[in-house]
$ cat run.cif   # mmCIF, C-alpha atoms
data_coords
loop_
_atom_site.label_atom_id
_atom_site.label_comp_id
_atom_site.auth_asym_id
_atom_site.auth_seq_id
_atom_site.Cartn_x
_atom_site.Cartn_y
_atom_site.Cartn_z
CA MET L 1 -19.63 18.86 -38.26
CA LYS L 2 -21.87 17.63 -35.45
CA LYS L 3 -20.60 14.11 -36.00
CA ILE L 4 -16.98 15.26 -35.56
CA VAL L 5 -17.80 17.06 -32.32
CA THR L 6 -19.72 14.05 -30.98
CA LEU L 7 -16.90 11.67 -31.86
CA SER L 8 -14.28 13.91 -30.27
CA LEU L 9 -16.26 14.29 -27.06
CA THR L 10 -16.84 10.55 -26.85
CA LEU L 11 -13.15 9.75 -27.23
CA ALA L 12 -12.20 12.42 -24.69
CA LEU L 13 -14.71 10.99 -22.21
CA VAL L 14 -13.28 7.48 -22.67
CA PHE L 15 -9.79 8.85 -22.07
CA MET L 16 -10.87 10.60 -18.85
CA VAL L 17 -12.55 7.45 -17.53
CA MET L 18 -9.50 5.31 -18.28
CA THR L 19 -7.23 7.87 -16.59
CA ASN L 20 -9.30 7.72 -13.40
CA VAL L 21 -9.22 3.92 -13.42
CA TYR L 22 -5.43 3.92 -13.51
CA ALA L 23 -4.98 6.71 -10.93
CA VAL L 24 -2.35 5.93 -8.28
CA SER L 25 -3.29 6.13 -4.59
CA SER L 26 -0.77 7.66 -2.19
CA PHE L 27 -0.18 9.10 1.28
CA LYS L 28 2.63 10.73 3.26
CA VAL L 29 4.34 9.67 6.50
CA SER L 30 6.53 11.99 8.60
CA MET L 31 8.34 11.97 11.97
CA GLU L 32 8.34 14.85 14.47
CA THR L 33 9.79 15.57 17.94
CA SER L 34 8.91 18.17 20.56
CA LYS L 35 12.29 19.93 20.22
CA ASP L 36 15.27 20.11 17.88
CA GLU L 37 18.22 19.09 20.08
CA PHE L 38 18.89 16.43 22.73
CA THR L 39 21.70 15.40 25.08
CA THR L 40 23.12 12.00 26.01
CA ASN L 41 20.99 9.92 28.40
CA GLU L 42 17.94 12.04 27.52
CA GLU L 43 14.63 10.36 26.68
CA PHE L 44 12.53 11.75 23.83
CA THR L 45 9.43 10.89 21.83
CA VAL L 46 9.08 10.67 18.06
CA GLU L 47 5.55 11.00 16.64
CA VAL L 48 4.88 9.17 13.38
CA LYS L 49 2.18 10.97 11.41
CA ILE L 50 0.16 10.15 8.29
CA SER L 51 -1.15 12.92 6.02
CA ASP L 52 -2.30 13.82 2.50
CA ILE L 53 -4.14 10.52 1.91
CA GLN L 54 -5.06 10.30 -1.78
CA ASP L 55 -7.30 7.26 -1.99
CA GLU L 56 -10.99 6.96 -2.75
CA LYS L 57 -11.63 4.47 0.07
CA GLY L 58 -9.13 5.61 2.71
CA ILE L 59 -6.47 3.76 4.74
CA ILE L 60 -7.34 1.03 7.26
CA THR L 61 -4.06 -0.87 7.88
CA MET L 62 -0.38 0.10 7.99
CA GLY L 63 2.92 -1.78 8.20
CA GLY L 64 6.65 -1.24 7.87
CA GLU L 65 10.04 -1.48 9.60
CA ILE L 66 11.83 0.71 12.15
CA GLU L 67 15.58 1.09 11.58
CA TYR L 68 17.84 3.23 13.79
CA ASP L 69 21.45 3.63 14.97
CA THR L 70 21.55 1.11 17.81
CA ASP L 71 24.98 2.35 18.97
CA SER L 72 23.59 5.85 19.50
CA LEU L 73 19.93 5.25 20.38
CA THR L 74 17.85 2.79 22.39
CA LEU L 75 14.21 2.18 21.48
CA VAL L 76 12.46 1.98 24.84
CA LYS L 77 8.93 1.26 23.62
CA VAL L 78 6.32 1.87 20.92
CA GLU L 79 3.04 3.49 22.00
CA GLN L 80 -0.37 4.17 20.52
CA GLY L 81 -0.93 7.41 18.62
CA ASP L 82 -4.42 8.77 18.01
CA GLU L 83 -7.29 6.69 19.40
CA THR L 84 -8.55 5.94 15.90
CA TRP L 85 -5.51 3.66 15.41
CA ALA L 86 -4.77 0.58 17.49
CA LYS L 87 -1.43 0.22 19.27
CA PRO L 88 1.14 -1.15 16.80
CA SER L 89 2.29 -4.74 17.06
CA TYR L 90 6.10 -4.45 17.02
CA SER L 91 8.79 -7.17 16.85
CA LYS L 92 12.24 -6.29 18.21
CA ASN L 93 13.81 -9.15 16.24
CA SER L 94 12.43 -8.34 12.79
CA LYS L 95 11.94 -4.60 13.58
CA LYS L 96 8.59 -4.77 11.78
CA PHE L 97 5.37 -3.09 12.92
CA VAL L 98 1.74 -3.70 11.93
CA MET L 99 -1.34 -1.72 12.96
CA ASP L 100 -4.94 -1.11 11.94
CA ARG L 101 -8.06 0.89 12.70
CA ASP L 102 -11.79 0.12 12.96
CA ALA L 103 -12.74 1.87 9.71
CA ARG L 104 -11.05 3.45 6.72
CA GLY L 105 -9.86 7.02 7.21
CA LYS L 106 -8.47 9.93 5.20
CA GLU L 107 -7.67 12.38 8.00
CA ASP L 108 -4.20 13.55 9.08
CA GLU L 109 -3.40 11.61 12.27
CA VAL L 110 -0.65 10.38 14.60
CA LEU L 111 -0.14 6.71 13.74
CA PHE L 112 2.05 5.81 16.74
CA LYS L 113 4.83 7.10 19.01
CA MET L 114 8.40 5.84 19.51
CA ILE L 115 10.19 6.54 22.81
CA PHE L 116 13.99 6.62 22.50
CA THR L 117 16.93 7.22 24.86
CA VAL L 118 20.19 8.80 23.67
CA ASN L 119 23.11 6.50 24.50
CA GLU L 120 26.23 7.71 26.34
CA ASP L 121 28.46 7.20 23.29
CA SER L 122 25.99 8.58 20.74
CA THR L 123 27.14 10.33 17.59
CA LYS L 124 26.00 13.88 16.87
CA LYS L 125 23.46 12.96 14.20
CA PRO L 126 22.05 9.42 14.54
CA LYS L 127 19.25 8.52 12.14
CA ILE L 128 15.84 6.87 12.50
CA THR L 129 14.31 5.39 9.33
CA LEU L 130 10.91 3.90 8.54
CA LYS L 131 11.34 1.39 5.72
CA ASN L 132 9.09 -0.67 3.44
CA ILE L 133 6.02 1.36 4.41
CA VAL L 134 2.80 -0.23 3.12
CA GLY L 135 -0.73 1.07 3.68
CA SER L 136 -3.93 -0.65 2.61
CA ASN L 137 -7.51 0.41 1.92
CA GLY L 138 -8.72 -3.14 2.59
CA SER L 139 -8.39 -4.36 -0.98
CA ASP L 140 -5.32 -2.65 -2.48
CA ASP L 141 -1.83 -2.12 -1.02
CA ILE L 142 -0.19 1.30 -1.30
CA GLU L 143 3.59 1.61 -0.98
CA ILE L 144 5.60 4.79 -0.39
CA ASP L 145 9.31 5.65 -0.14
CA ASP L 146 11.36 5.26 3.04
CA VAL L 147 11.21 8.14 5.53
CA SER L 148 14.26 9.25 7.59
CA PHE L 149 14.68 11.54 10.60
CA THR L 150 17.99 12.89 12.00
CA VAL L 151 18.35 13.35 15.77
CA ASN L 152 20.61 16.25 16.80
CA VAL L 153 22.70 15.33 19.88
CA THR L 154 24.48 18.42 21.25
CA ASP L 155 27.11 16.57 23.27
CA GLY L 156 27.50 13.63 20.94
CA SER L 157 30.81 12.71 19.35
CA ALA L 158 31.48 13.51 15.70
CA VAL L 159 33.06 10.09 15.24
CA LYS L 160 33.49 7.06 17.43
CA PRO L 161 36.99 7.32 19.08
CA SER L 162 39.47 4.56 18.44
CA ILE L 163 41.34 2.97 21.38
CA THR L 164 45.15 3.17 21.07
CA THR L 165 47.79 1.79 23.43
CA LYS L 166 50.54 4.38 24.00
CA PRO L 167 54.06 2.85 23.69
CA SER L 168 56.64 3.37 26.45
CA ASP L 169 59.02 6.33 25.97
CA ASN L 170 62.08 4.35 27.15
CA PRO L 171 61.56 0.68 26.48
CA THR L 172 63.66 -1.58 28.73
CA PRO L 173 65.58 -4.26 26.85
CA SER L 174 64.84 -7.79 27.82
CA THR L 175 67.43 -9.53 30.06
CA SER L 176 66.04 -13.01 29.62
CA PRO L 177 66.76 -14.75 26.32
CA SER L 178 63.38 -16.49 26.44
CA SER L 179 61.35 -13.29 26.88
CA SER L 180 60.38 -10.93 24.09
CA THR L 181 59.01 -7.45 23.90
CA LYS L 182 55.21 -7.52 23.52
CA PRO L 183 53.92 -5.23 20.80
CA SER L 184 51.34 -2.61 21.70
CA SER L 185 47.74 -3.50 21.01
CA SER L 186 46.45 -2.53 17.58
CA THR L 187 44.05 0.33 17.29
CA LYS L 188 40.41 -0.44 16.78
CA PRO L 189 39.03 0.88 13.44
CA THR L 190 37.05 4.09 13.67
CA GLN L 191 33.38 3.48 13.13
CA SER L 192 31.44 5.61 10.68
CA THR L 193 28.87 7.98 12.09
CA ASP L 194 26.31 6.89 9.48
CA LYS L 195 25.35 3.23 9.73
CA THR L 196 24.40 1.34 6.60
CA ILE L 197 20.77 0.31 6.74
CA THR L 198 20.08 -3.05 5.13
CA SER L 199 16.75 -3.61 3.43
CA SER L 200 14.47 -6.47 4.34
CA GLN L 201 11.19 -7.83 3.09
CA VAL L 202 7.99 -5.85 3.01
CA PRO L 203 5.54 -6.92 5.77
CA LYS L 204 3.60 -9.98 4.67
CA ALA L 205 -0.14 -10.42 4.46
CA GLU L 206 -2.03 -13.18 6.24
CA ASN L 207 -1.57 -15.56 3.28
CA GLY L 208 2.22 -15.21 3.55
CA GLU L 209 2.69 -13.38 0.24
CA ASN L 210 4.66 -10.15 -0.06
CA THR L 211 2.45 -7.07 -0.13
CA LYS L 212 3.87 -5.73 -3.40
CA ILE L 213 1.79 -3.78 -5.86
CA PRO L 214 2.68 -2.92 -9.46
CA TYR L 215 3.31 0.65 -10.40
CA THR L 216 0.48 2.04 -12.52
CA GLY L 217 -0.95 5.39 -13.44
CA PHE L 218 1.32 7.75 -15.33
CA GLU L 219 2.68 5.22 -17.82
CA SER L 220 -0.78 3.78 -18.58
CA SER L 221 -2.28 7.25 -19.04
CA THR L 222 0.56 8.20 -21.40
CA ILE L 223 0.00 5.10 -23.55
CA LEU L 224 -3.75 5.81 -23.73
CA LEU L 225 -3.05 9.41 -24.74
CA MET L 226 -0.67 8.24 -27.49
CA VAL L 227 -3.38 5.93 -28.85
CA LEU L 228 -6.42 8.22 -28.54
CA VAL L 229 -4.92 11.42 -30.02
CA PRO L 230 -4.03 9.79 -33.40
CA ALA L 231 -7.46 8.08 -33.39
CA ILE L 232 -9.24 11.43 -33.01
CA ALA L 233 -7.08 12.99 -35.74
CA LEU L 234 -7.76 10.05 -38.10
CA ALA L 235 -11.52 10.30 -37.49
CA ILE L 236 -11.54 14.03 -38.32
CA PHE L 237 -9.36 13.52 -41.42
CA SER L 238 -11.60 10.69 -42.68
CA TYR L 239 -14.72 12.79 -42.18
CA ILE L 240 -13.27 15.71 -44.18
CA LYS L 241 -12.18 13.39 -47.02
CA ILE L 242 -15.65 11.86 -47.22
CA LYS L 243 -17.21 15.34 -47.42
CA GLN L 244 -14.82 16.31 -50.24
CA ILE L 245 -15.59 13.12 -52.21
CA ASN L 246 -19.37 13.66 -51.84
CA LYS L 247 -19.02 17.27 -53.00
CA LYS L 248 -17.05 16.27 -56.14
CA ALA L 249 -19.60 13.55 -56.91
CA LYS L 250 -22.48 16.06 -56.74
CA GLU L 251 -20.61 18.52 -59.00
CA THR L 252 -20.01 15.73 -61.56
CA ILE L 253 -23.71 14.78 -61.59
CA ILE L 254 -24.78 18.42 -62.10
CA LYS L 255 -22.44 18.83 -65.10
#

$ encode --input "run.cif" --output "structure tokens"
Amino acid sequence: MKKIVTLSLTLALVFMVMTNVYAVSSFKVSMETSKDEFTTNEEFTVEVKISDIQDEKGIITMGGEIEYDTDSLTLVKVEQGDETWAKPSYSKNSKKFVMDRDARGKEDEVLFKMIFTVNEDSTKKPKITLKNIVGSNGSDDIEIDDVSFTVNVTDGSAVKPSITTKPSDNPTPSTSPSSSTKPSSSTKPTQSTDKTITSSQVPKAENGENTKIPYTGFESSTILLMVLVPAIALAIFSYIKIKQINKKAKETIIK
């Protein structure tokens, strides 16, 4: 019986160690503003925060892309957040940002700040999205899902108005055979309030390769569990069979 217990504990310990090896690191990113509603021509600040860092080493670098409704909002500048993080390096052309800190950290902090202005012809609910977010602990890259934030504009338009030329009530017939009545200008198509955000590449490392990491963790742990459980059951079954065979052999010898 002691052998069964020892074998079971050993296999369970191996399973626990393998599960920890394949654990997935993660963190959360959010966006916050000082108030809930804004008006056209108003300037406001969006704080980008990191929280709930689940990584043994901690995060030391961060990168991603800033996407927003350019018809409704204007990005004035990107500023430093908490002093532990350096000011982000931001490209207006690629819309990508990269930043780092002196040492790895696990604390909840403000990564950086974005200062926007609401345009005159803004919609009521323009969106700001952080895409292709990648953090790193110095050796491994950690990717998370895109994060979106909706700006509430109180005096914004529900939809972009189309421009239509009103026809004359009493059109005057042409007296010259060479002249013709000019048709009214066609209406411009109404633009959707939600702009389609196109994806682009994840920020690249210094060697030029994409900072992609494979998904591990849950699937690997499930496979290990499927292998180890039958192994434990087989070991116990074999031990019981051996005990039964030895017992029958002793009874035969005694007879």

$ atom_distance --input "run.cif" --atom1 "CA of Ser51 in chain L" --atom2 "CA of Gly64 in chain L"
16.3 Å

$ closest_residue --input "run.cif" --among "L:Leu234, L:Leu73, L:Ile66, L:Ile59" --to "Tyr90 in chain L" --atoms "all atoms listed in the file"
L:Ile66

$ resolve_selection --input "run.cif" --expression "the PyMOL selection byres ((chain L and resi 86) around 9)" --output "NGL selection string"
:L and (80-85 or 87-89 or 99-102 or 111-112)

$ atom_distance --input "run.cif" --atom1 "CA of Thr40 in chain L" --atom2 "CA of Phe149 in chain L"
17.6 Å

$ atom_distance --input "run.cif" --atom1 "CA of Gly63 in chain L" --atom2 "CA of Phe116 in chain L"
19.9 Å

$ resolve_selection --input "run.cif" --expression "the PyMOL selection byres ((chain L and resi 35) around 12)" --output "PyMOL selection string"
chain L and resi 32-34+36-39+43-47+151-153

$ closest_residue --input "run.cif" --among "L:Val98, L:Ala231, L:Met31, L:Val24" --to "Ile60 in chain L" --atoms "only C-alpha atoms"
L:Val98

$ resolve_selection --input "run.cif" --expression "the PyMOL selection byres ((chain L and resi 107) around 12)" --output "compact mmCIF listing (two decimals) with C-alpha atoms, in the frame of the given file"
# COMPACT_ATOMS: atom_id res chain seq x y z
CA PHE L 27 -0.18 9.10 1.28
CA LYS L 28 2.63 10.73 3.26
CA LYS L 49 2.18 10.97 11.41
CA ILE L 50 0.16 10.15 8.29
CA SER L 51 -1.15 12.92 6.02
CA ASP L 52 -2.30 13.82 2.50
CA ILE L 53 -4.14 10.52 1.91
CA GLN L 54 -5.06 10.30 -1.78
CA ASP L 55 -7.30 7.26 -1.99
CA LYS L 57 -11.63 4.47 0.07
CA GLY L 58 -9.13 5.61 2.71
CA ILE L 59 -6.47 3.76 4.74
CA ILE L 60 -7.34 1.03 7.26
CA ASP L 82 -4.42 8.77 18.01
CA THR L 84 -8.55 5.94 15.90
CA TRP L 85 -5.51 3.66 15.41
CA ALA L 103 -12.74 1.87 9.71
CA ARG L 104 -11.05 3.45 6.72
CA GLY L 105 -9.86 7.02 7.21
CA LYS L 106 -8.47 9.93 5.20
CA ASP L 108 -4.20 13.55 9.08
CA GLU L 109 -3.40 11.61 12.27
CA VAL L 110 -0.65 10.38 14.60
CA LEU L 111 -0.14 6.71 13.74

$ residues_around --input "run.cif" --residues "Lys77 in chain L" --least-positions-apart "6" --cutoff "9 Å" --atoms "all atoms listed in the file" --output "list in words"
Lys113, Met114, Ile115 and Phe116 of chain L

$ closest_residue --input "run.cif" --among "L:Asn93, L:Asn132, L:Ser26, L:Ser122" --to "Glu65 in chain L" --atoms "only C-alpha atoms"
L:Asn132
